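query-v9.cif follows (mmCIF, C-alpha atoms and all ligand atoms):
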```cif
data_data
loop_
_atom_site.label_atom_id
_atom_site.label_comp_id
_atom_site.auth_asym_id
_atom_site.auth_seq_id
_atom_site.Cartn_x
_atom_site.Cartn_y
_atom_site.Cartn_z
CA MET C 24 -25.26 -30.25 60.81
CA ILE C 25 -27.38 -27.15 60.17
CA ASP C 26 -30.99 -27.96 59.33
CA ILE C 27 -31.29 -25.77 56.22
CA GLY C 28 -34.98 -26.55 55.65
CA ARG C 29 -35.91 -25.76 59.24
CA TRP C 30 -34.28 -22.33 59.13
CA ALA C 31 -35.79 -21.54 55.74
CA SER C 32 -39.26 -22.32 57.17
CA TYR C 33 -38.46 -20.21 60.22
CA LEU C 34 -37.82 -17.17 57.99
CA LEU C 35 -40.74 -17.89 55.63
CA ASP C 36 -43.10 -18.11 58.62
CA ALA C 37 -41.83 -14.82 60.02
CA GLU C 38 -42.48 -13.23 56.63
CA ALA C 39 -45.92 -14.80 56.26
CA HIS C 40 -47.01 -13.54 59.68
CA GLY C 41 -45.25 -10.17 59.46
CA GLU C 42 -43.64 -10.92 62.80
CA ALA C 43 -39.93 -10.51 63.27
CA VAL C 44 -37.95 -13.26 64.98
CA ARG C 45 -34.62 -13.77 66.70
CA PRO C 46 -31.54 -14.07 64.49
CA ILE C 47 -30.57 -17.62 63.62
CA THR C 48 -27.06 -17.06 64.94
CA SER C 49 -28.48 -16.46 68.42
CA THR C 50 -29.27 -20.20 68.34
CA GLU C 51 -26.43 -21.62 66.29
CA PRO C 52 -23.44 -20.37 64.30
CA LEU C 53 -23.77 -20.25 60.52
CA THR C 54 -21.03 -20.24 57.94
CA ARG C 55 -21.31 -18.10 54.84
CA HIS C 56 -22.01 -21.30 52.94
CA ASP C 57 -24.86 -22.31 55.32
CA ALA C 58 -26.29 -18.82 55.04
CA TYR C 59 -26.47 -18.86 51.24
CA ALA C 60 -27.88 -22.41 51.38
CA ILE C 61 -30.74 -21.18 53.60
CA GLN C 62 -31.28 -18.23 51.24
CA GLU C 63 -31.46 -20.67 48.31
CA ALA C 64 -34.04 -22.78 50.18
CA VAL C 65 -36.14 -19.67 50.95
CA ILE C 66 -36.17 -18.69 47.27
CA SER C 67 -36.85 -22.24 46.08
CA ALA C 68 -39.89 -22.33 48.38
CA LYS C 69 -41.16 -19.04 46.93
CA LEU C 70 -40.68 -20.33 43.38
CA ALA C 71 -42.48 -23.56 44.31
CA GLN C 72 -45.39 -21.40 45.51
CA GLY C 73 -45.67 -19.83 42.06
CA GLU C 74 -43.47 -16.74 42.33
CA SER C 75 -41.02 -16.16 39.51
CA LEU C 76 -37.48 -14.85 39.58
CA VAL C 77 -37.24 -11.39 38.02
CA GLY C 78 -33.80 -10.32 39.14
CA ALA C 79 -31.21 -9.99 41.84
CA LYS C 80 -29.85 -7.44 44.29
CA VAL C 81 -26.57 -6.53 45.81
CA GLY C 82 -26.40 -4.79 49.14
CA LEU C 83 -24.17 -3.43 51.85
CA VAL C 84 -21.97 -1.73 49.30
CA ALA C 85 -22.22 1.99 50.16
CA ALA C 86 -20.22 3.17 53.16
CA ALA C 87 -23.30 4.91 54.64
CA LYS C 88 -25.23 1.68 54.39
CA GLN C 89 -22.44 -0.46 55.80
CA ALA C 90 -22.06 1.93 58.73
CA ALA C 91 -25.82 1.90 59.40
CA MET C 92 -25.89 -1.90 59.56
CA GLY C 93 -22.48 -2.53 61.10
CA ILE C 94 -21.53 -4.95 58.31
CA ASP C 95 -18.90 -4.10 55.72
CA GLU C 96 -19.11 -7.10 53.43
CA PRO C 97 -21.41 -6.97 50.38
CA VAL C 98 -24.27 -9.45 50.15
CA TYR C 99 -26.61 -10.58 47.39
CA GLY C 100 -30.18 -11.80 47.19
CA TRP C 101 -33.03 -12.51 44.78
CA LEU C 102 -36.05 -10.59 43.51
CA THR C 103 -39.37 -12.18 42.59
CA ASP C 104 -42.38 -10.83 40.72
CA ARG C 105 -44.38 -10.69 43.95
CA MET C 106 -41.96 -8.13 45.40
CA ARG C 107 -42.51 -5.63 42.62
CA LEU C 108 -44.83 -2.70 43.26
CA HIS C 109 -46.39 -0.85 40.37
CA GLY C 110 -47.57 2.73 40.23
CA SER C 111 -48.91 4.29 43.37
CA GLU C 112 -50.43 1.36 45.26
CA PRO C 113 -49.81 1.99 48.95
CA ILE C 114 -47.88 -0.51 51.01
CA ASN C 115 -49.78 -2.44 53.61
CA THR C 116 -47.31 -2.04 56.45
CA ALA C 117 -49.38 -4.26 58.75
CA ALA C 118 -48.37 -7.22 56.58
CA LEU C 119 -44.69 -6.41 57.02
CA CYS C 120 -42.41 -6.65 60.04
CA GLN C 121 -40.58 -3.27 60.04
CA PRO C 122 -40.24 -1.79 56.55
CA ARG C 123 -37.41 0.55 55.61
CA VAL C 124 -36.74 2.29 52.32
CA GLU C 125 -33.54 3.04 50.42
CA PRO C 126 -32.82 4.64 47.05
CA GLU C 127 -30.95 2.61 44.44
CA ILE C 128 -29.83 2.84 40.84
CA VAL C 129 -31.52 -0.03 39.02
CA PHE C 130 -30.02 -1.82 36.01
CA VAL C 131 -32.32 -3.68 33.64
CA LEU C 132 -30.31 -6.08 31.54
CA GLY C 133 -30.49 -6.55 27.81
CA ASP C 134 -28.02 -9.45 27.88
CA ASP C 135 -26.83 -12.17 30.21
CA LEU C 136 -23.87 -11.35 32.46
CA ALA C 137 -21.83 -14.31 33.62
CA GLY C 138 -18.83 -14.00 35.92
CA PRO C 139 -15.94 -14.35 36.51
CA GLY C 140 -14.23 -11.45 34.83
CA VAL C 141 -17.22 -9.12 34.52
CA THR C 142 -16.20 -5.43 34.61
CA ALA C 143 -18.24 -2.24 34.90
CA GLU C 144 -17.63 -1.80 31.18
CA ARG C 145 -19.25 -5.17 30.45
CA VAL C 146 -22.14 -4.25 32.71
CA ARG C 147 -22.76 -1.09 30.67
CA ASP C 148 -22.67 -3.14 27.46
CA ALA C 149 -25.17 -5.65 28.83
CA THR C 150 -27.55 -3.04 30.24
CA ALA C 151 -30.77 -2.16 28.40
CA TYR C 152 -31.37 0.84 30.67
CA VAL C 153 -30.94 2.25 34.15
CA CYS C 154 -33.65 3.89 36.22
CA GLY C 155 -34.09 5.14 39.74
CA GLY C 156 -35.72 2.84 42.24
CA LEU C 157 -36.68 2.32 45.84
CA GLU C 158 -36.05 -0.88 47.68
CA ILE C 159 -38.39 -1.63 50.58
CA LEU C 160 -36.48 -3.78 53.02
CA ASP C 161 -38.17 -5.79 55.71
CA SER C 162 -35.76 -7.74 57.87
CA ARG C 163 -37.38 -10.76 59.37
CA TYR C 164 -35.12 -10.22 62.41
CA ARG C 165 -36.29 -7.97 65.21
CA ASP C 166 -34.86 -4.44 65.07
CA TYR C 167 -32.62 -5.34 62.13
CA ALA C 168 -30.20 -6.90 64.61
CA PHE C 169 -28.36 -9.44 62.51
CA THR C 170 -24.94 -10.72 61.50
CA PHE C 171 -23.68 -11.09 57.93
CA ALA C 172 -24.81 -14.75 57.89
CA ASP C 173 -28.27 -13.95 59.28
CA VAL C 174 -29.02 -11.29 56.68
CA VAL C 175 -27.79 -13.50 53.85
CA ALA C 176 -30.08 -16.33 55.02
CA ASP C 177 -32.97 -13.82 55.07
CA ASN C 178 -32.53 -13.05 51.36
CA THR C 179 -30.85 -9.80 52.44
CA SER C 180 -34.08 -8.37 53.87
CA ALA C 181 -35.68 -8.18 50.39
CA ALA C 182 -39.40 -7.40 50.56
CA ARG C 183 -40.62 -5.01 47.84
CA PHE C 184 -39.19 -2.72 45.19
CA ILE C 185 -40.47 -0.09 42.83
CA LEU C 186 -38.88 1.29 39.68
CA GLY C 187 -39.06 4.87 38.48
CA GLY C 188 -40.60 5.57 35.09
CA GLU C 189 -37.68 7.42 33.50
CA ARG C 190 -35.06 5.32 31.76
CA ALA C 191 -31.65 6.09 30.30
CA HIS C 192 -28.78 4.11 28.88
CA PRO C 193 -25.75 4.16 31.23
CA ARG C 194 -23.57 5.39 28.33
CA ASP C 195 -25.76 8.47 27.98
CA LEU C 196 -25.33 9.52 31.62
CA ASP C 197 -22.50 10.05 34.05
CA VAL C 198 -23.92 7.42 36.38
CA PRO C 199 -21.56 8.00 39.34
CA LEU C 200 -22.61 11.66 39.36
CA LEU C 201 -26.34 10.92 39.59
CA GLY C 202 -27.57 12.72 42.67
CA CYS C 203 -30.42 11.56 44.84
CA VAL C 204 -32.42 13.38 47.50
CA LEU C 205 -34.54 11.19 49.78
CA ARG C 206 -37.50 12.82 51.48
CA ARG C 207 -40.03 11.57 53.99
CA ASP C 208 -43.26 13.61 53.96
CA GLY C 209 -41.39 16.42 52.25
CA GLU C 210 -38.49 16.57 54.67
CA VAL C 211 -35.02 15.78 53.37
CA ILE C 212 -33.72 12.73 55.25
CA GLU C 213 -30.76 11.54 53.19
CA THR C 214 -28.79 12.64 50.15
CA ALA C 215 -26.15 10.87 48.06
CA THR C 216 -24.64 10.58 44.64
CA ALA C 217 -24.45 7.20 42.95
CA ALA C 218 -20.67 7.19 43.39
CA ALA C 219 -21.45 6.23 47.01
CA VAL C 220 -21.94 2.72 45.63
CA MET C 221 -18.39 1.49 44.95
CA GLY C 222 -17.51 4.61 42.97
CA ASP C 223 -20.00 3.50 40.30
CA PRO C 224 -23.07 1.28 40.75
CA ALA C 225 -22.01 -0.62 37.60
CA GLU C 226 -19.09 -1.90 39.74
CA ALA C 227 -21.59 -3.35 42.21
CA VAL C 228 -23.45 -5.12 39.39
CA ALA C 229 -20.10 -6.51 38.18
CA LEU C 230 -19.33 -7.69 41.71
CA LEU C 231 -22.71 -9.41 41.82
CA ALA C 232 -22.18 -11.14 38.47
CA ASN C 233 -18.75 -12.31 39.64
CA PHE C 234 -20.14 -13.59 42.97
CA LEU C 235 -22.83 -15.53 41.14
CA GLY C 236 -20.32 -16.85 38.62
CA ARG C 237 -18.46 -18.56 41.44
CA ASN C 238 -21.62 -20.54 42.18
CA GLY C 239 -22.33 -21.34 38.54
CA ARG C 240 -25.11 -18.75 38.30
CA ARG C 241 -25.51 -15.74 36.04
CA LEU C 242 -27.50 -12.54 35.74
CA GLU C 243 -30.00 -12.97 32.93
CA ARG C 244 -31.33 -10.85 30.11
CA ASP C 245 -34.43 -8.85 31.15
CA TRP C 246 -33.57 -9.15 34.82
CA ILE C 247 -33.86 -6.24 37.19
CA VAL C 248 -30.73 -5.64 39.25
CA LEU C 249 -30.79 -3.44 42.35
CA SER C 250 -27.25 -2.12 42.69
CA GLY C 251 -27.32 -1.30 46.42
CA GLY C 252 -28.71 1.35 48.73
CA MET C 253 -26.95 4.70 48.19
CA THR C 254 -27.80 6.04 51.66
CA ALA C 255 -28.66 4.76 55.11
CA PRO C 256 -32.22 3.35 55.00
CA VAL C 257 -35.21 5.26 56.39
CA ALA C 258 -38.13 3.71 58.29
CA LEU C 259 -41.41 3.54 56.38
CA VAL C 260 -43.85 4.49 59.09
CA PRO C 261 -47.62 4.09 58.62
CA GLY C 262 -49.19 7.06 56.86
CA SER C 263 -45.91 8.41 55.50
CA THR C 264 -44.57 8.83 51.99
CA VAL C 265 -40.92 8.35 51.09
CA LEU C 266 -39.82 9.92 47.84
CA ALA C 267 -36.49 9.75 46.04
CA ASP C 268 -35.63 12.43 43.50
CA PHE C 269 -32.91 11.28 41.12
CA HIS C 270 -31.00 13.69 38.93
CA SER C 271 -31.86 12.88 35.27
CA LEU C 272 -34.05 9.92 36.27
CA GLY C 273 -37.07 11.57 37.85
CA SER C 274 -38.67 10.63 41.14
CA VAL C 275 -40.01 7.45 42.70
CA SER C 276 -42.14 7.28 45.80
CA VAL C 277 -43.77 4.84 48.10
CA ARG C 278 -46.67 5.47 50.42
CA ALA C 279 -47.47 3.48 53.52
CA ASP C 280 -51.04 2.74 54.55
CA ALA C 281 -52.22 4.74 57.53
C1 LIG N 1 -29.75 -5.62 54.35
C2 LIG N 1 -29.97 -5.35 52.88
C3 LIG N 1 -28.93 -4.45 52.28
C4 LIG N 1 -28.56 -2.69 50.51
O1 LIG N 1 -28.90 -2.18 49.44
O2 LIG N 1 -27.60 -2.28 51.15
C5 LIG N 1 -29.35 -3.84 50.99
C6 LIG N 1 -30.47 -4.64 55.24
O3 LIG N 1 -30.06 -3.47 55.29
O4 LIG N 1 -31.44 -5.03 55.91
O5 LIG N 1 -30.32 -4.18 50.34
MG MG N 2 -30.92 -2.57 48.90
#
```
Show the structure stored in the file as structure tokens.
Ligand code: OOG
Ligand code: MG
Amino acid sequence: MIDIGRWASYLLDAEAHGEAVRPITSTEPLTRHDAYAIQEAVISAKLAQGESLVGAKVGLVAAAKQAAMGIDEPVYGWLTDRMRLHGSEPINTAALCQPRVEPEIVFVLGDDLAGPGVTAERVRDATAYVCGGLEILDSRYRDYAFTFADVVADNTSAARFILGGERAHPRDLDVPLLGCVLRRDGEVIETATAAAVMGDPAEAVALLANFLGRNGRRLERDWIVLSGGMTAPVALVPGSTVLADFHSLGSVSVRADA
């Protein structure tokens, strides 16, 4: 029997100390079910410490992202209020293990979305607005060396996120055609269009709602949903700034402490 609580504490300790650890599966095998049970225990512990749930994320959906991580099965995780960055506050990288940044199209919901049967069309109906965003990942496993089950247990590397200030309704934009240029200290590092995420990021949100529906959970009104990194992630090195320019949705940036 897997000790769910023990592995949840293992990951929470790594996060608290900003020190990456060995993947769980280097000690014992985990099923997909075990992995999501550990993730659930990690989130429950955060909620018990006073954090609140503000949304969810789907990941490993774009081909560039899957290739970068060597995993081709989508994953989901949870977002809490403590992960959200506002404005231009710099990130204290010393508190993190090994932050990386990726650009995402963010959906903020105006209605609940409960699977099964959710389609991209339903996602658009339930969306209050989309905006550009950056997810700051911070795998608690050394060098991001993990299996599908490890990364699921680790709440899919979720650490921080920041939303851009410009909003639009997905019906007023051609979302798959939204281009994004990712720069680090002015240099272009990655580029993509939103179609990199399952042809349309709304499809990834539908996938997420349908995943959750299988476990009796739903996406809720007012939640923030990160629809998946559009590009390979870039390292957030101390003293650097990563900026994503989104067509029609303005730019979002994150600065790391020197
Ligand atoms: C896993 C998280 C994946 C995405 O958008 O693809 C993810 C990782 O890359 O560490 O958030
Ligand atoms: Mg992501």
Item to complete: Produce as a ChimeraX atom specification the set of residues near ligand MG 2 (chain N), where near means within 10 Å with all atoms listed in the file considered.
Response: /C:80-85,88,98-100,123-128,156-160,179-182,184,249-256
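Within 7 Å of the point (-35.6, 13.5, 47.3), and counting only C-alpha atoms, the protein, DNA and RNA residues are C:Cys203, C:Val204, C:Leu205, C:Arg206, C:Val211, C:Leu266, C:Ala267, C:Asp268.
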Worksheet item: Quick one, how far is CA of Ala258 in chain C from CA of Asp161 in chain C?
Response: 9.8 Å
Worksheet entry | Point-to-point distance from CA of Ile61 in chain C to CA of Thr48 in chain C, Å rounded to tenths | 12.6 Å
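Counting from CA of Leu76 in chain C, the distance to CA of Met92 in chain C is 26.5 Å.
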